[in-house]
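Everything below belongs to model-v3.tsv, which stores TSV, C-alpha atoms and all ligand atoms.
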```
chain	number	residue	atom	x	y	z
N	8	MET	CA	135.59	113.20	115.77
N	9	ALA	CA	133.21	114.04	112.94
N	10	LYS	CA	129.57	114.23	113.95
N	11	ALA	CA	126.54	113.43	111.82
N	12	LYS	CA	122.81	113.99	112.40
N	13	LEU	CA	120.60	111.01	111.62
N	14	GLU	CA	116.85	111.64	111.60
N	15	TYR	CA	115.12	108.35	112.38
N	16	ILE	CA	111.63	108.43	110.83
N	17	TRP	CA	108.76	106.02	111.54
N	18	LEU	CA	104.99	105.69	111.40
N	19	ASP	CA	102.96	105.89	114.57
N	20	GLY	CA	100.06	103.65	115.57
N	21	TYR	CA	97.18	106.07	115.08
N	22	LYS	CA	94.07	104.68	113.42
N	23	PRO	CA	92.79	104.89	110.80
N	24	THR	CA	95.62	107.11	109.54
N	25	GLN	CA	99.20	106.70	110.69
N	26	SER	CA	101.37	109.81	110.94
N	27	LEU	CA	105.07	110.49	110.68
N	28	ARG	CA	107.22	110.69	113.78
N	29	SER	CA	110.95	111.33	113.97
N	30	LYS	CA	113.84	112.00	116.31
N	31	THR	CA	117.50	112.79	115.91
N	32	LYS	CA	120.42	110.50	116.64
N	33	ILE	CA	123.96	111.90	116.65
N	34	GLU	CA	126.66	109.55	115.38
N	35	ASN	CA	130.45	109.78	115.32
N	36	ASP	CA	132.37	109.15	112.10
N	37	PHE	CA	129.25	107.90	110.33
N	38	SER	CA	129.80	106.15	106.98
N	39	GLY	CA	126.48	107.20	105.45
N	40	LYS	CA	125.56	103.56	104.85
N	41	LEU	CA	122.39	101.80	105.92
N	42	GLU	CA	124.33	98.88	107.38
N	43	ASP	CA	126.00	101.27	109.82
N	44	CYS	CA	122.69	102.61	111.16
N	45	ASP	CA	122.06	101.09	114.58
N	46	MET	CA	118.71	99.84	115.76
N	47	TRP	CA	117.11	102.35	118.11
N	48	SER	CA	114.05	102.53	120.32
N	49	PHE	CA	111.27	104.91	121.31
N	50	ASP	CA	108.40	105.27	123.75
N	51	GLY	CA	105.57	103.41	122.07
N	52	SER	CA	103.12	104.46	124.77
N	53	SER	CA	103.27	108.00	123.33
N	54	THR	CA	102.46	106.88	119.77
N	55	GLU	CA	99.62	104.38	120.35
N	56	GLN	CA	102.04	101.51	119.77
N	57	ALA	CA	102.59	100.05	123.25
N	58	PRO	CA	101.15	100.12	126.77
N	59	GLY	CA	102.91	102.33	129.36
N	60	GLY	CA	104.00	99.33	131.42
N	61	SER	CA	106.17	97.96	128.62
N	62	SER	CA	106.58	100.91	126.33
N	63	ASP	CA	109.72	100.22	124.30
N	64	CYS	CA	109.33	99.74	120.56
N	65	LEU	CA	112.28	99.18	118.25
N	66	LEU	CA	113.30	101.16	115.17
N	67	LYS	CA	114.86	99.09	112.41
N	68	PRO	CA	116.54	101.28	109.76
N	69	VAL	CA	115.52	100.21	106.24
N	70	PHE	CA	116.27	103.18	103.95
N	71	ILE	CA	118.73	106.05	104.12
N	72	CYS	CA	119.36	109.17	102.07
N	73	PRO	CA	121.10	112.47	102.63
N	74	ASP	CA	119.17	115.38	104.15
N	75	PRO	CA	120.43	118.18	101.89
N	76	GLU	CA	118.55	121.01	103.59
N	77	ARG	CA	119.68	120.15	107.09
N	78	SER	CA	123.24	119.54	105.90
N	79	LYS	CA	123.38	123.17	104.77
N	80	LEU	CA	123.68	124.16	108.44
N	81	GLY	CA	127.13	122.52	108.46
N	82	THR	CA	126.96	119.08	110.06
N	83	PRO	CA	126.24	116.23	107.61
N	84	ALA	CA	122.65	115.06	107.99
N	85	TYR	CA	120.71	111.98	106.88
N	86	LEU	CA	117.13	110.73	106.76
N	87	VAL	CA	116.68	107.17	108.01
N	88	MET	CA	113.32	105.51	107.31
N	89	CYS	CA	112.58	102.80	109.89
N	90	GLU	CA	110.25	99.87	110.43
N	91	VAL	CA	108.68	99.56	113.88
N	92	LEU	CA	109.29	96.27	115.71
N	93	ASN	CA	107.98	94.98	119.02
N	94	SER	CA	110.57	94.69	121.78
N	95	ASP	CA	110.95	90.97	120.92
N	96	GLY	CA	112.02	91.86	117.38
N	97	THR	CA	108.82	90.81	115.61
N	98	ALA	CA	107.08	93.23	113.24
N	99	HIS	CA	104.68	95.60	115.03
N	100	GLU	CA	101.07	95.39	113.85
N	101	SER	CA	101.34	98.98	112.57
N	102	ASN	CA	104.24	97.95	110.32
N	103	GLY	CA	102.79	97.75	106.80
N	104	ARG	CA	106.19	97.49	105.15
N	105	ALA	CA	106.84	94.11	106.75
N	106	THR	CA	103.70	92.71	105.09
N	107	ILE	CA	104.98	93.29	101.53
N	108	GLU	CA	105.71	90.02	99.73
N	109	ASP	CA	107.99	91.14	96.92
N	110	GLY	CA	111.32	89.59	97.83
N	111	ASP	CA	112.75	89.81	94.31
N	112	ASN	CA	111.60	93.40	93.69
N	113	ASP	CA	109.71	92.24	90.62
N	114	PHE	CA	106.97	94.77	91.34
N	115	TRP	CA	107.54	98.34	90.21
N	116	PHE	CA	105.38	101.09	91.66
N	117	GLY	CA	104.77	104.68	90.60
N	118	PHE	CA	102.64	106.58	93.12
N	119	GLU	CA	100.95	109.87	92.27
N	120	GLN	CA	100.72	111.67	95.60
N	121	GLU	CA	98.13	114.45	95.70
N	122	TYR	CA	97.68	116.83	98.64
N	123	PHE	CA	96.49	120.29	99.58
N	124	LEU	CA	98.59	123.13	100.88
N	125	TRP	CA	96.53	124.39	103.80
N	126	ASN	CA	96.15	127.83	105.35
N	127	LEU	CA	96.21	127.07	109.07
N	128	GLU	CA	94.65	130.42	110.02
N	129	THR	CA	91.57	130.18	107.79
N	130	ASN	CA	91.51	126.35	107.80
N	131	LYS	CA	91.12	126.39	104.03
N	132	PRO	CA	93.31	125.56	101.04
N	133	LEU	CA	95.98	128.03	100.03
N	134	GLY	CA	94.38	130.43	97.56
N	135	PHE	CA	90.92	130.34	99.14
N	136	PRO	CA	89.56	133.71	100.29
N	137	ALA	CA	88.90	134.00	104.05
N	138	ASN	CA	85.16	133.96	103.33
N	139	GLY	CA	83.37	132.02	100.62
N	140	TYR	CA	84.95	130.29	97.67
N	141	PRO	CA	87.32	131.15	94.85
N	142	ALA	CA	86.32	130.72	91.18
N	143	PRO	CA	85.20	127.13	90.50
N	144	GLN	CA	87.53	124.39	89.31
N	145	GLY	CA	88.85	124.68	85.80
N	146	PRO	CA	91.82	127.04	85.69
N	147	TYR	CA	93.88	125.49	88.51
N	148	TYR	CA	95.09	122.20	86.99
N	149	CYS	CA	98.66	122.65	85.73
N	150	SER	CA	98.11	126.36	86.13
N	151	VAL	CA	100.59	129.19	85.67
N	152	GLY	CA	100.16	132.62	87.22
N	153	ALA	CA	99.46	134.17	90.59
N	154	GLN	CA	95.66	134.09	90.11
N	155	ASN	CA	95.59	130.27	89.91
N	156	ALA	CA	98.80	128.68	91.23
N	157	PHE	CA	99.30	128.97	94.99
N	158	GLY	CA	102.39	127.97	96.94
N	159	ARG	CA	104.76	127.30	94.10
N	160	ASP	CA	107.78	128.45	96.13
N	161	ILE	CA	107.05	125.71	98.69
N	162	ILE	CA	106.51	122.86	96.26
N	163	GLU	CA	109.48	123.97	94.15
N	164	GLU	CA	111.76	123.87	97.17
N	165	HIS	CA	110.33	120.50	98.17
N	166	LEU	CA	111.08	119.10	94.71
N	167	GLU	CA	114.64	120.39	94.83
N	168	TYR	CA	115.34	118.80	98.21
N	169	CYS	CA	113.76	115.50	97.13
N	170	LEU	CA	116.04	115.38	94.09
N	171	GLN	CA	119.11	116.33	96.10
N	172	ALA	CA	118.22	113.57	98.57
N	173	GLY	CA	118.23	111.10	95.67
N	174	LEU	CA	114.48	110.39	95.68
N	175	ASN	CA	113.20	109.29	92.29
N	176	VAL	CA	110.57	111.98	91.75
N	177	GLU	CA	109.34	111.72	88.17
N	178	GLY	CA	107.29	114.90	88.02
N	179	ILE	CA	105.08	117.41	89.79
N	180	ASN	CA	101.96	119.35	88.78
N	181	ALA	CA	99.33	121.72	90.11
N	182	GLU	CA	96.08	119.80	90.54
N	183	VAL	CA	92.41	120.43	89.82
N	184	ALA	CA	91.43	122.15	93.08
N	185	THR	CA	92.77	125.45	94.41
N	186	GLY	CA	95.96	124.92	96.40
N	187	GLN	CA	96.13	121.23	95.41
N	188	TRP	CA	99.37	119.72	94.07
N	189	GLU	CA	100.86	116.35	93.09
N	190	PHE	CA	104.24	114.68	92.95
N	191	GLN	CA	105.01	111.30	91.40
N	192	ILE	CA	107.63	108.85	92.67
N	193	PHE	CA	108.66	105.64	90.93
N	194	ALA	CA	110.81	102.76	92.18
N	195	LYS	CA	111.62	99.22	91.15
N	196	GLY	CA	110.59	97.36	94.30
N	197	ALA	CA	107.48	97.93	96.40
N	198	GLN	CA	109.28	98.61	99.67
N	199	GLU	CA	111.60	101.12	98.05
N	200	ALA	CA	108.63	102.92	96.45
N	201	GLY	CA	106.93	103.13	99.85
N	202	ASP	CA	110.12	104.30	101.55
N	203	GLN	CA	110.57	107.09	99.04
N	204	ILE	CA	106.95	108.25	99.29
N	205	TRP	CA	107.19	108.43	103.07
N	206	VAL	CA	110.49	110.33	103.00
N	207	ALA	CA	109.06	112.75	100.42
N	208	ARG	CA	106.02	113.24	102.66
N	209	TYR	CA	108.36	113.90	105.57
N	210	LEU	CA	110.28	116.54	103.60
N	211	LEU	CA	107.01	118.18	102.56
N	212	GLU	CA	105.83	118.34	106.17
N	213	ARG	CA	109.09	120.04	107.07
N	214	MET	CA	108.62	122.57	104.26
N	215	GLY	CA	105.23	123.25	105.78
N	216	GLU	CA	106.81	123.89	109.18
N	217	LYS	CA	109.24	126.33	107.62
N	218	TYR	CA	106.56	128.33	105.81
N	219	GLY	CA	103.77	127.96	108.39
N	220	ILE	CA	101.62	126.07	105.88
N	221	GLY	CA	99.78	122.84	106.67
N	222	ILE	CA	100.00	119.77	104.44
N	223	ASN	CA	96.48	118.33	104.25
N	224	TRP	CA	96.57	114.65	103.29
N	225	HIS	CA	92.84	114.05	103.78
N	226	CYS	CA	91.19	112.62	100.68
N	227	LYS	CA	88.28	115.06	100.70
N	228	PRO	CA	89.23	118.05	102.86
N	229	LEU	CA	86.48	120.23	101.37
N	230	GLY	CA	83.82	117.64	102.18
N	231	ALA	CA	80.98	116.61	99.91
N	232	THR	CA	81.34	119.63	97.64
N	233	ASP	CA	82.12	119.92	93.94
N	234	TRP	CA	85.81	120.28	94.77
N	235	ASN	CA	88.08	117.39	93.81
N	236	GLY	CA	89.47	115.09	96.45
N	237	SER	CA	93.05	113.86	96.69
N	238	GLY	CA	94.21	110.47	95.51
N	239	MET	CA	97.36	108.47	95.45
N	240	HIS	CA	96.96	106.52	92.21
N	241	ALA	CA	99.08	103.37	92.35
N	242	ASN	CA	100.68	102.53	89.02
N	243	PHE	CA	102.13	99.03	89.14
N	244	SER	CA	103.69	96.33	87.02
N	245	ASN	CA	105.46	93.03	87.34
N	246	THR	CA	107.34	91.02	84.73
N	247	ILE	CA	104.09	89.45	83.55
N	248	LEU	CA	102.47	92.83	82.83
N	249	ARG	CA	105.64	94.31	81.38
N	250	THR	CA	106.07	91.49	78.88
N	251	ALA	CA	102.51	90.16	78.37
N	252	GLY	CA	101.96	90.95	74.70
N	253	ASN	CA	98.25	90.13	74.80
N	254	LYS	CA	95.00	91.61	76.05
N	255	GLU	CA	93.92	88.42	77.84
N	256	THR	CA	96.68	88.73	80.44
N	257	PHE	CA	95.65	92.30	81.25
N	258	ASP	CA	92.00	91.22	81.48
N	259	LYS	CA	92.84	88.31	83.76
N	260	ILE	CA	94.83	90.45	86.18
N	261	CYS	CA	92.22	93.21	86.25
N	262	GLN	CA	89.43	90.70	86.84
N	263	ALA	CA	91.29	89.28	89.85
N	264	PHE	CA	90.60	92.57	91.64
N	265	ALA	CA	86.80	92.25	91.29
N	266	PRO	CA	86.12	89.78	94.15
N	267	VAL	CA	88.42	91.57	96.64
N	268	VAL	CA	87.11	95.14	96.51
N	269	ALA	CA	86.55	95.29	100.27
N	270	GLU	CA	90.04	93.99	101.07
N	271	HIS	CA	91.60	96.65	98.86
N	272	ILE	CA	89.39	99.50	100.08
N	273	ALA	CA	90.30	98.55	103.68
N	274	VAL	CA	93.87	99.75	103.09
N	275	TYR	CA	93.25	102.46	100.46
N	276	GLY	CA	92.93	105.28	102.99
N	277	ALA	CA	90.42	106.66	105.49
N	278	ASP	CA	87.13	108.28	104.46
N	279	ASN	CA	87.48	107.07	100.88
N	280	HIS	CA	83.67	106.87	100.57
N	281	LEU	CA	83.69	110.66	100.50
N	282	ARG	CA	86.03	110.63	97.50
N	283	LEU	CA	85.05	107.52	95.50
N	284	THR	CA	81.61	108.74	94.54
N	285	GLY	CA	81.58	108.02	90.82
N	286	LYS	CA	82.16	111.73	90.15
N	287	HIS	CA	85.38	113.73	89.75
N	288	GLU	CA	87.20	111.03	87.75
N	289	THR	CA	86.47	108.23	90.24
N	290	GLN	CA	84.49	104.99	90.35
N	291	SER	CA	82.02	104.43	93.22
N	292	ILE	CA	83.57	102.83	96.28
N	293	ASP	CA	81.37	99.71	96.12
N	294	GLN	CA	81.76	99.06	92.39
N	295	PHE	CA	84.62	97.65	90.35
N	296	SER	CA	85.42	98.37	86.74
N	297	TYR	CA	88.45	98.60	84.51
N	298	GLY	CA	89.08	99.95	81.05
N	299	VAL	CA	91.56	101.37	78.61
N	300	SER	CA	92.09	105.10	79.21
N	301	ASP	CA	89.08	105.12	81.56
N	302	ARG	CA	89.58	107.65	84.36
N	303	GLY	CA	86.14	106.81	85.74
N	304	ALA	CA	87.19	103.19	86.30
N	305	SER	CA	88.66	101.59	89.41
N	306	ILE	CA	91.65	100.41	87.37
N	307	ARG	CA	92.79	102.18	84.22
N	308	ILE	CA	94.78	100.41	81.51
N	309	PRO	CA	97.00	103.18	80.17
N	310	ILE	CA	96.79	103.60	76.39
N	311	VAL	CA	100.60	103.45	76.22
N	312	ALA	CA	100.46	99.82	77.38
N	313	VAL	CA	98.00	98.96	74.61
N	314	LYS	CA	100.05	100.80	71.98
N	315	ARG	CA	103.14	98.88	73.02
N	316	GLY	CA	101.28	95.68	72.20
N	317	TRP	CA	99.78	95.04	75.65
N	318	LYS	CA	103.00	95.47	77.58
N	319	GLY	CA	103.28	97.83	80.50
N	320	TYR	CA	101.46	98.65	83.71
N	321	LEU	CA	98.09	99.24	85.37
N	322	GLU	CA	96.80	102.19	87.36
N	323	ASP	CA	94.68	101.49	90.45
N	324	ARG	CA	92.95	104.86	90.88
N	325	ARG	CA	91.31	104.07	94.22
N	326	PRO	CA	94.06	104.57	96.86
N	327	ASN	CA	93.70	107.99	98.44
N	328	SER	CA	96.17	110.64	99.45
N	329	ALA	CA	96.28	109.52	103.10
N	330	ALA	CA	96.82	105.83	102.37
N	331	ASP	CA	99.98	104.02	103.45
N	332	PRO	CA	101.86	103.12	100.24
N	333	TYR	CA	103.30	100.04	101.97
N	334	LYS	CA	99.87	98.63	102.69
N	335	VAL	CA	98.54	99.57	99.25
N	336	ALA	CA	101.46	97.84	97.55
N	337	ALA	CA	101.24	94.78	99.79
N	338	ARG	CA	97.55	94.29	98.92
N	339	ILE	CA	98.04	94.81	95.17
N	340	ILE	CA	100.91	92.32	95.14
N	341	LYS	CA	98.81	89.77	96.99
N	342	THR	CA	95.99	90.03	94.43
N	343	VAL	CA	98.26	90.00	91.38
N	344	LYS	CA	100.36	87.09	92.68
N	345	GLY	CA	97.17	85.06	93.05
N	346	VAL	CA	96.57	85.16	89.29
N	347	LYS	CA	97.57	82.03	87.39
N	348	ILE	CA	98.76	83.00	83.92
V	1	LIG	P1	98.47	110.33	85.09
V	1	LIG	O1	98.35	111.63	85.82
V	1	LIG	O2	98.16	110.45	83.62
V	1	LIG	O3	97.67	109.22	85.72
V	1	LIG	P2	101.35	110.38	85.85
V	1	LIG	O4	102.28	110.73	84.77
V	1	LIG	O5	101.08	111.40	86.89
V	1	LIG	O6	99.99	109.84	85.13
V	1	LIG	O7	101.85	109.08	86.60
V	1	LIG	C1	102.10	107.89	85.92
V	1	LIG	C2	103.01	107.05	86.78
V	1	LIG	O8	103.15	105.74	86.22
V	1	LIG	C3	104.41	107.60	86.91
V	1	LIG	O9	104.69	107.84	88.26
V	1	LIG	C4	105.30	106.46	86.39
V	1	LIG	O10	106.44	106.31	87.16
V	1	LIG	C5	104.43	105.25	86.56
V	1	LIG	N1	104.84	104.15	85.68
V	1	LIG	C6	105.21	104.21	84.39
V	1	LIG	N2	105.57	102.99	83.93
V	1	LIG	C7	105.42	102.13	84.97
V	1	LIG	C8	105.64	100.71	85.13
V	1	LIG	N3	106.06	99.94	84.13
V	1	LIG	N4	105.39	100.17	86.35
V	1	LIG	C9	104.95	100.93	87.36
V	1	LIG	N5	104.71	102.26	87.27
V	1	LIG	C10	104.95	102.86	86.09
V	2	MN	MN	114.47	110.90	126.56
V	3	MN	MN	99.28	112.29	87.66
V	4	MN	MN	96.55	113.72	89.73
V	5	MN	MN	96.87	108.92	87.62
```

Using structure tokens, write down the structure that the file contains.
Amino acid sequence: MAKAKLEYIWLDGYKPTQSLRSKTKIENDFSGKLEDCDMWSFDGSSTEQAPGGSSDCLLKPVFICPDPERSKLGTPAYLVMCEVLNSDGTAHESNGRATIEDGDNDFWFGFEQEYFLWNLETNKPLGFPANGYPAPQGPYYCSVGAQNAFGRDIIEEHLEYCLQAGLNVEGINAEVATGQWEFQIFAKGAQEAGDQIWVARYLLERMGEKYGIGINWHCKPLGATDWNGSGMHANFSNTILRTAGNKETFDKICQAFAPVVAEHIAVYGADNHLRLTGKHETQSIDQFSYGVSDRGASIRIPIVAVKRGWKGYLEDRRPNSAADPYKVAARIIKTVKGVKI
């Protein structure tokens, strides 16, 4: 009998930031298909998702891809992203994916995931000296060379495994702060985009384990200093935006975000007030603005959309690096769907 290793991955119930959890299920003669992944269960009392007296939560497989690194050991291995359900089969309150209303996959999302590689001994970004600070920001963004780019072997290996797993990574770059990096993932369908971001985060965490490097998802790990924070810009479009052909449609959709700032910020990641200060290419957390090419706005209209005759996508710059892409997408879809064109 041929054995396969299936890593079931889910999000725990911690607040305000959910973390990845996973455990391994061994299958016989596994087809590699999602439909052949069984439901499973776990102890929700150990993940802040259930009381000890009735602790079982269910894992519903929703996305599968190969695990190329683990497969190298010999036995075929897979990554299985799961939704968490209550024992009665209803969606658990921590399950952001189940709140996405995009049944026809009309919404396309491209997330730009920023993060810091973190030295767990000094509790500082990779590339920081043990005492004090490195040279100020400037040379690190898209940098080349050992003075300015830190941890390239890790992020390079992460990229390779993401691609081999079939994740639709569109690019990577070194970011503005020391030890800060970004990857971008695009998918047609909000749930799929969220699935792929979470699996890419999982693979990055495992790279970190291998190299003894932390992955710091906090949006402002260096506090209220002049060092950039980390975002997860959400680029999004639906058929209306992709085919609009006029400025008024873009205006109308952008303006629909103005009255629901609080509702969006509520799911755009913890501690975002530390990051959305109006400095470092951000808008203040309590203000809303939009504009063509404006990286100081809440929502940027990319110049490419204008040049194509007002057809394309929008970039919500407010979601932060620790936000749940499912919840971000669900909220954006809700606001955009409310617009009558
Ligand atoms: P920047 O750093 O200039 O903000 P990036 O190139 O890092 O931009 O990211 C732009 C993202 O926009 C990419 O991930 C891409 O997939 C996404 N994108 C492009 N076109 C669309 C579209 N029509 N709908 C949704 N996302 C899109
Ligand atoms: Mn057990
Ligand atoms: Mn980017
Ligand atoms: Mn960036
Ligand atoms: Mn961006």

### Task
Kindly indicate which residue among N:Phe37, N:Trp234, N:Tyr15, N:Tyr21 lies nearest to N:Leu281, using all atoms listed in the file for the distances.
N:Trp234

### Query
Do you have the atom CA of N:Cys44-atom CA of N:Pro68 distance handy?
6.4 Å

### Query
Using only C-alpha atoms and all ligand atoms, what are the residues with an atom within 6 Å of ligand LIG 1 (chain V), set out as an MDAnalysis selection string?
chainID N and resid 115:119 191:193 242:244 319:320

### Distance of atom CA of N:Glu288 from atom CA of N:Val313, expressed in Å to one decimal place
20.9 Å

#### Entry: Exercise answer, 9 Å around ligand MN 5 (chain V) with all atoms listed in the file, as a list in words
Phe118, Glu119, Gly238, Met239, His240, Ala241, Asn242, Arg302, Arg307, Glu322, Asp323 and Arg324 of chain N

Please identify all polymer residues within 9 Å of stretch 173-190 of chain N, counting all atoms listed in the file, omitting same-chain residues fewer than 5 positions from it, and present them as a PDB file with C-alpha atoms, in the coordinates of the input.
```
ATOM      1  CA  CYS N  72     119.360 109.170 102.070  1.00  0.00           C
ATOM      2  CA  PRO N  73     121.100 112.470 102.630  1.00  0.00           C
ATOM      3  CA  GLY N 117     104.770 104.680  90.600  1.00  0.00           C
ATOM      4  CA  PHE N 118     102.640 106.580  93.120  1.00  0.00           C
ATOM      5  CA  GLU N 119     100.950 109.870  92.270  1.00  0.00           C
ATOM      6  CA  GLN N 120     100.720 111.670  95.600  1.00  0.00           C
ATOM      7  CA  GLU N 121      98.130 114.450  95.700  1.00  0.00           C
ATOM      8  CA  TYR N 122      97.680 116.830  98.640  1.00  0.00           C
ATOM      9  CA  PHE N 123      96.490 120.290  99.580  1.00  0.00           C
ATOM     10  CA  LEU N 124      98.590 123.130 100.880  1.00  0.00           C
ATOM     11  CA  TRP N 125      96.530 124.390 103.800  1.00  0.00           C
ATOM     12  CA  PRO N 132      93.310 125.560 101.040  1.00  0.00           C
ATOM     13  CA  LEU N 133      95.980 128.030 100.030  1.00  0.00           C
ATOM     14  CA  GLY N 134      94.380 130.430  97.560  1.00  0.00           C
ATOM     15  CA  PHE N 135      90.920 130.340  99.140  1.00  0.00           C
ATOM     16  CA  PRO N 141      87.320 131.150  94.850  1.00  0.00           C
ATOM     17  CA  ALA N 142      86.320 130.720  91.180  1.00  0.00           C
ATOM     18  CA  PRO N 143      85.200 127.130  90.500  1.00  0.00           C
ATOM     19  CA  GLN N 144      87.530 124.390  89.310  1.00  0.00           C
ATOM     20  CA  GLY N 145      88.850 124.680  85.800  1.00  0.00           C
ATOM     21  CA  PRO N 146      91.820 127.040  85.690  1.00  0.00           C
ATOM     22  CA  TYR N 147      93.880 125.490  88.510  1.00  0.00           C
ATOM     23  CA  TYR N 148      95.090 122.200  86.990  1.00  0.00           C
ATOM     24  CA  CYS N 149      98.660 122.650  85.730  1.00  0.00           C
ATOM     25  CA  SER N 150      98.110 126.360  86.130  1.00  0.00           C
ATOM     26  CA  VAL N 151     100.590 129.190  85.670  1.00  0.00           C
ATOM     27  CA  ASN N 155      95.590 130.270  89.910  1.00  0.00           C
ATOM     28  CA  ALA N 156      98.800 128.680  91.230  1.00  0.00           C
ATOM     29  CA  PHE N 157      99.300 128.970  94.990  1.00  0.00           C
ATOM     30  CA  GLY N 158     102.390 127.970  96.940  1.00  0.00           C
ATOM     31  CA  ARG N 159     104.760 127.300  94.100  1.00  0.00           C
ATOM     32  CA  ILE N 162     106.510 122.860  96.260  1.00  0.00           C
ATOM     33  CA  LEU N 166     111.080 119.100  94.710  1.00  0.00           C
ATOM     34  CA  TYR N 168     115.340 118.800  98.210  1.00  0.00           C
ATOM     35  CA  ALA N 200     108.630 102.920  96.450  1.00  0.00           C
ATOM     36  CA  GLN N 203     110.570 107.090  99.040  1.00  0.00           C
ATOM     37  CA  ILE N 204     106.950 108.250  99.290  1.00  0.00           C
ATOM     38  CA  VAL N 206     110.490 110.330 103.000  1.00  0.00           C
ATOM     39  CA  ALA N 207     109.060 112.750 100.420  1.00  0.00           C
ATOM     40  CA  TRP N 234      85.810 120.280  94.770  1.00  0.00           C
ATOM     41  CA  ASN N 235      88.080 117.390  93.810  1.00  0.00           C
ATOM     42  CA  GLY N 236      89.470 115.090  96.450  1.00  0.00           C
ATOM     43  CA  SER N 237      93.050 113.860  96.690  1.00  0.00           C
ATOM     44  CA  MET N 239      97.360 108.470  95.450  1.00  0.00           C
TER      45      MET N 239
END
```

### Task
Would you kindly return, as a list in words, each protein, DNA or RNA residue with an atom no farther than 7 Å from any atom of N:Ala337, considering all atoms listed in the file and excluding same-chain residues fewer than 5 positions away?
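Non-adjacent residues within range: Thr106, Ile107 and Glu108 of chain N.
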
Export C-alpha atoms of the chosen residues as a PDB file, in the frame of the given file?
```pdb
ATOM      1  CA  THR N 106     103.700  92.710 105.090  1.00  0.00           C
ATOM      2  CA  ILE N 107     104.980  93.290 101.530  1.00  0.00           C
ATOM      3  CA  GLU N 108     105.710  90.020  99.730  1.00  0.00           C
TER       4      GLU N 108
END
```

### Task
Go through N:Val335, N:Cys64, N:Leu283, N:Ile71 one by one, measure the shortest atom-to-atom distance of each to N:Ala231 using only C-alpha atoms, and give the residue with the smallest value.
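Result for the nearest residue to N:Ala231: N:Leu283.
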
### atom CA of N:Ala304 to atom CA of N:Thr289, distance in Å rounded to a single decimal
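Spanning atom CA of N:Ala304 to atom CA of N:Thr289 is a straight-line distance of 6.4 Å.
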
### Residues within 9 Å of N:Arg338, all atoms listed in the file, excluding chain neighbours under 3 positions, as a VMD selection string
chain N and resid 106 to 107 270 to 271 274 333 to 335 341 to 343

Prev. selection, C-alpha atoms, output as a CSV table (one decimal), in the coordinates of the input:
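Now in part-v2.csv:
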```csv
chain,number,residue,atom,x,y,z
N,106,THR,CA,103.7,92.7,105.1
N,107,ILE,CA,105.0,93.3,101.5
N,270,GLU,CA,90.0,94.0,101.1
N,271,HIS,CA,91.6,96.6,98.9
N,274,VAL,CA,93.9,99.8,103.1
N,333,TYR,CA,103.3,100.0,102.0
N,334,LYS,CA,99.9,98.6,102.7
N,335,VAL,CA,98.5,99.6,99.2
N,341,LYS,CA,98.8,89.8,97.0
N,342,THR,CA,96.0,90.0,94.4
N,343,VAL,CA,98.3,90.0,91.4
```

## Note on the structure
With distances taken over all atoms listed in the file, the candidate from N:Glu14, N:Asp331, N:Glu100, N:Asp233 nearest N:Gly201 is N:Asp331

### Query
Closest to N:Gly51 among N:Lys79, N:His99, N:Lys10, N:Lys254, using only C-alpha atoms?
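Using only C-alpha atoms, the shortest distance to N:Gly51 belongs to N:His99.
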
### Message
Can you pull out the residues contacting N:Gln56? Cut-off 10 Å, using only C-alpha atoms, and skip same-chain residues under 2 positions away; I want them as JSON, numbers by chain.
### Response
{"N": [18, 19, 20, 21, 49, 50, 51, 52, 53, 54, 58, 59, 62, 63, 64, 91, 92, 93, 99, 100, 101]}

Write the selection just made, keeping C-alpha atoms, as a compact mmCIF listing (two decimals), in the frame of the given file?
```txt
# COMPACT_ATOMS: atom_id res chain seq x y z
CA LEU N 18 104.99 105.69 111.40
CA ASP N 19 102.96 105.89 114.57
CA GLY N 20 100.06 103.65 115.57
CA TYR N 21 97.18 106.07 115.08
CA PHE N 49 111.27 104.91 121.31
CA ASP N 50 108.40 105.27 123.75
CA GLY N 51 105.57 103.41 122.07
CA SER N 52 103.12 104.46 124.77
CA SER N 53 103.27 108.00 123.33
CA THR N 54 102.46 106.88 119.77
CA PRO N 58 101.15 100.12 126.77
CA GLY N 59 102.91 102.33 129.36
CA SER N 62 106.58 100.91 126.33
CA ASP N 63 109.72 100.22 124.30
CA CYS N 64 109.33 99.74 120.56
CA VAL N 91 108.68 99.56 113.88
CA LEU N 92 109.29 96.27 115.71
CA ASN N 93 107.98 94.98 119.02
CA HIS N 99 104.68 95.60 115.03
CA GLU N 100 101.07 95.39 113.85
CA SER N 101 101.34 98.98 112.57
```

### Nearest to N:Lys22 by atom-to-atom distance, counting all atoms listed in the file, from N:Arg282, N:Val267, N:Ala277, N:Phe114
N:Ala277

Please put the answer as lines of an AutoDock Vina configuration file: centre and edge lengths, in Å with one decimal, of a box along x, y and z that encloses all listed atoms of stretch 40-52 of chain N plus 4 Å on each side.
```
center_x = 114.6
center_y = 102.1
center_z = 114.8
size_x = 30.9
size_y = 14.4
size_z = 27.9
```
